[in-house]
Amino acid sequence: MKIKPATTRDFELVIKKVETRNATQHRHKYFELIYILEGYGQHVINNNQYDYRKGDLFLLNTNDVHAFKTSAPSQLCIIDFTGSFFAFIQSREKDNYQSAGFFEQMEYIFHNQYRLKGNIITKEKDKKWTESLIERLIQENEGTEYGKDDLCRNIVFLLFQVISRYLQGHSIFPTKTQRSQRVVREVINYIHQNIYNKENIRVENIARHFHKSKDHISLYFKKQTGITLKDYILSYKLELMKTRLLYSDLPVASIASELNFTDESHLNKFFKDKLGITASAYRKKNKEQ
């Protein structure tokens with residue numbers, strides 16, 4: 001049973017009661033952040049079972065199939081990110097710097113969500129803070145005061161700051177030592193956070209940021225991950241392109257401009273080399289499914 005949905009520009013918030021022990025697994029069209037308000041049981045995600053209880057937080061992407069199997073009647077706070085989230089690109093070039101930063105933070109997490117398994121928040125101090133943020137988010141969505149949408153967006157931004165901190169503690173590539181894990185993680189986080197800035201993600205500028213030579217950081221990254229810095233940057237751009245094509249109506253030319261390709265033709269050539277299909281054909285094929 002769903003209780004009083006409330007919609008902001010970028011997401012819908014729903015309070016939902018779950019009382020079944022044998023729920024059917026399903027997936028959603030967009031991303032979801034799910035906070036456990038009450039109850040306990042098992043959360044089945046892609047056939048993996050995770051125990052859940054009050055205070056747990058889960059992030060699901062569009063490829064995740066999930067269901068809750070309750071051991072006690074449960075209540076969930078669901079933040080369901082709508083399609084409008086992926087249509088923010090034009091504001092990045094305008095004056096709304098704070099809004100653009102909010103979306104970039106969310107996008108960074110969505111594209112690295114696979115590094116988080118089960119409940120995200122494990123530290124007790126973070127659980128208490130998360131609980132207070134969720135409570136305030138619900139109160140604001142139920143109210144009618146002026147500016148509530150902006151306040152709700154800022155609360156979600158704070159939630160994502162906590163998640164981002166947990167993400168940065170998980171390495172993408174297995175490495176031999178804790179130090180090498182930390183260095184690789186820092187380089188990758190830098191790339192993700194600067195992916196729209198053509199100058200910042202040049203290898204020589206990445207090296208300068210980390211006080212290394214271009215050759216040293218290139219060889220070190222390749223040795224630790226098995227992939228060159230340039231190839232990693234391009235692979236991440238490819239994932240961003242796929243998201244834009246599937247979840248927005250942005251023209252391919254706009255996507256090319258945002259990700260610093262020369263033009264639509266250049267992007268299509270890159271896309272076809274990687275996936276054997278043009279960007280427009282990829283969008284049409286996957287939206288018809």
# chains A, B, ... in the order shown; residues from 1 in each chain; ligands from 1
$ closest_atom_pairs --of "segment 152-264 of chain A" --to "segment 125-141 of chain A" --cutoff "8 Å" --atoms "only C-alpha atoms" --output "CSV"
residue,atom,partner,partner_atom,distance
A:Cys152,CA,A:Leu137,CA,5.8
A:Ile155,CA,A:Leu133,CA,6.4
A:Val156,CA,A:Leu137,CA,7.9
A:Leu159,CA,A:Thr130,CA,6.8
A:Val162,CA,A:Asp126,CA,7.6
$ write_last_selection --atoms "C-alpha atoms" --output "PDB file, in the first residue's frame"
ATOM      1  CA  CYS A 152      14.024  18.651  -0.295  1.00  0.00           C
ATOM      2  CA  ILE A 155      18.329  17.160   1.908  1.00  0.00           C
ATOM      3  CA  VAL A 156      18.746  14.509  -0.787  1.00  0.00           C
ATOM      4  CA  LEU A 159      22.148  11.974   1.747  1.00  0.00           C
ATOM      5  CA  VAL A 162      27.108  10.373   2.841  1.00  0.00           C
TER       6      VAL A 162
END
$ closest_residue --among "A:Tyr282, A:Phe110, A:Tyr247, A:Phe271" --to "Glu32 of chain A" --atoms "only C-alpha atoms"
A:Phe110
$ residues_around --residues "Lys284 of chain A" --least-positions-apart "5" --cutoff "12 Å" --atoms "only C-alpha atoms" --output "PDB file with C-alpha atoms, in the first residue's frame"
ATOM      1  CA  LYS A 242      24.287   5.337 -22.719  1.00  0.00           C
ATOM      2  CA  LEU A 245      20.443   8.161 -24.681  1.00  0.00           C
ATOM      3  CA  LEU A 246      18.158   5.945 -22.598  1.00  0.00           C
ATOM      4  CA  TYR A 247      16.830   8.388 -20.002  1.00  0.00           C
ATOM      5  CA  ASP A 249      15.509  13.206 -25.037  1.00  0.00           C
ATOM      6  CA  ILE A 277      25.843   0.595 -33.473  1.00  0.00           C
ATOM      7  CA  THR A 278      25.337   4.354 -33.749  1.00  0.00           C
ATOM      8  CA  ALA A 279      24.120   6.378 -30.792  1.00  0.00           C
ATOM      9  CA  GLN A 289      12.203  -2.812 -25.619  1.00  0.00           C
TER      10      GLN A 289
END
$ closest_residue --among "A:His192, A:Cys77, A:Thr70, A:Lys237" --to "Asp51 of chain A" --atoms "only C-alpha atoms"
A:Thr70
$ closest_residue --among "A:Thr228, A:Thr20, A:Ser280, A:Gln75" --to "Ala253 of chain A" --atoms "only C-alpha atoms"
A:Ser280
$ select_by_dssp --residues "segment 28-268 of chain A" --states "alpha helix (DSSP H)" --output "JSON, numbers by chain"
{"A": [89, 90, 91, 92, 97, 98, 99, 100, 101, 102, 103, 104, 105, 106, 107, 108, 109, 110, 124, 125, 126, 127, 128, 129, 130, 131, 132, 133, 134, 135, 136, 137, 138, 139, 140, 141, 142, 148, 149, 150, 151, 152, 153, 154, 155, 156, 157, 158, 159, 160, 161, 162, 163, 164, 165, 166, 167, 178, 179, 180, 181, 182, 183, 184, 185, 186, 187, 188, 189, 190, 191, 192, 193, 203, 204, 205, 206, 207, 208, 209, 214, 215, 216, 217, 218, 219, 220, 221, 222, 223, 224, 225, 229, 230, 231, 232, 233, 234, 235, 236, 237, 238, 239, 240, 241, 242, 243, 244, 245, 246, 247, 252, 253, 254, 255, 256, 257, 258, 264, 265, 266, 267, 268]}
$ closest_residue --among "A:Phe68, A:Phe31, A:Tyr232, A:Phe58" --to "Lys17 of chain A" --atoms "only C-alpha atoms"
A:Phe68
$ closest_residue --among "A:Asp56, A:Thr144, A:His43, A:Asn286" --to "Glu124 of chain A" --atoms "only C-alpha atoms"
A:Asp56
$ residues_around --residues "segment 22-27 of chain A" --least-positions-apart "4" --cutoff "7 Å" --atoms "only C-alpha atoms" --output "MDAnalysis selection string"
chainID A and resid 62 64:69
$ write_last_selection --atoms "N, CA and C atoms" --output "PDB file, in the first residue's frame"
ATOM      1  N   THR A  62      18.440   0.870 -12.616  1.00  0.00           N
ATOM      2  CA  THR A  62      17.390   0.370 -13.504  1.00  0.00           C
ATOM      3  C   THR A  62      17.569  -1.089 -13.895  1.00  0.00           C
ATOM      4  N   ASP A  64      18.484  -3.443 -11.693  1.00  0.00           N
ATOM      5  CA  ASP A  64      18.284  -4.280 -10.519  1.00  0.00           C
ATOM      6  C   ASP A  64      16.855  -4.828 -10.457  1.00  0.00           C
ATOM      7  N   VAL A  65      16.745  -6.131 -10.165  1.00  0.00           N
ATOM      8  CA  VAL A  65      15.457  -6.771  -9.912  1.00  0.00           C
ATOM      9  C   VAL A  65      15.407  -7.054  -8.420  1.00  0.00           C
ATOM     10  N   HIS A  66      14.318  -6.653  -7.749  1.00  0.00           N
ATOM     11  CA  HIS A  66      14.327  -6.780  -6.293  1.00  0.00           C
ATOM     12  C   HIS A  66      12.935  -7.047  -5.730  1.00  0.00           C
ATOM     13  N   ALA A  67      12.920  -7.456  -4.464  1.00  0.00           N
ATOM     14  CA  ALA A  67      11.675  -7.664  -3.721  1.00  0.00           C
ATOM     15  C   ALA A  67      11.999  -7.699  -2.236  1.00  0.00           C
ATOM     16  N   PHE A  68      11.022  -7.297  -1.417  1.00  0.00           N
ATOM     17  CA  PHE A  68      11.163  -7.377   0.032  1.00  0.00           C
ATOM     18  C   PHE A  68      10.375  -8.573   0.552  1.00  0.00           C
ATOM     19  N   LYS A  69      11.034  -9.414   1.351  1.00  0.00           N
ATOM     20  CA  LYS A  69      10.374 -10.520   2.040  1.00  0.00           C
ATOM     21  C   LYS A  69      10.380 -10.186   3.534  1.00  0.00           C
TER      22      LYS A  69
END
$ residues_around --residues "Leu238 of chain A" --least-positions-apart "6" --cutoff "10 Å" --atoms "only C-alpha atoms" --output "PDB file with N, CA and C atoms, in the first residue's frame"
ATOM      1  N   TYR A 232      40.247   4.265 -19.659  1.00  0.00           N
ATOM      2  CA  TYR A 232      39.283   4.334 -18.559  1.00  0.00           C
ATOM      3  C   TYR A 232      38.377   5.546 -18.716  1.00  0.00           C
ATOM      4  N   ARG A 244      22.442   8.984 -21.040  1.00  0.00           N
ATOM      5  CA  ARG A 244      21.780  10.112 -21.712  1.00  0.00           C
ATOM      6  C   ARG A 244      20.807   9.618 -22.784  1.00  0.00           C
ATOM      7  N   LEU A 259      30.113  16.099 -23.559  1.00  0.00           N
ATOM      8  CA  LEU A 259      31.207  15.183 -23.244  1.00  0.00           C
ATOM      9  C   LEU A 259      32.463  15.476 -24.062  1.00  0.00           C
ATOM     10  N   LEU A 267      31.160  11.554 -32.098  1.00  0.00           N
ATOM     11  CA  LEU A 267      30.579  10.699 -31.060  1.00  0.00           C
ATOM     12  C   LEU A 267      30.049   9.399 -31.657  1.00  0.00           C
ATOM     13  N   PHE A 270      32.842   6.971 -32.413  1.00  0.00           N
ATOM     14  CA  PHE A 270      33.335   6.353 -31.175  1.00  0.00           C
ATOM     15  C   PHE A 270      32.343   5.308 -30.660  1.00  0.00           C
ATOM     16  N   PHE A 271      31.064   5.659 -30.647  1.00  0.00           N
ATOM     17  CA  PHE A 271      30.025   4.778 -30.133  1.00  0.00           C
ATOM     18  C   PHE A 271      29.952   3.496 -30.965  1.00  0.00           C
ATOM     19  N   LYS A 274      32.811   1.083 -30.366  1.00  0.00           N
ATOM     20  CA  LYS A 274      32.727   0.372 -29.091  1.00  0.00           C
ATOM     21  C   LYS A 274      31.581  -0.640 -29.061  1.00  0.00           C
ATOM     22  N   LEU A 275      30.422  -0.277 -29.643  1.00  0.00           N
ATOM     23  CA  LEU A 275      29.229  -1.121 -29.498  1.00  0.00           C
ATOM     24  C   LEU A 275      28.679  -1.652 -30.820  1.00  0.00           C
TER      25      LEU A 275
END
$ atom_distance --atom1 "atom CA of Leu151 of chain A" --atom2 "atom CA of Tyr35 of chain A"
18.7 Å
$ closest_residue --among "A:Val18, A:Lys117, A:Ala72, A:Ser235" --to "Gln49 of chain A" --atoms "only C-alpha atoms"
A:Lys117
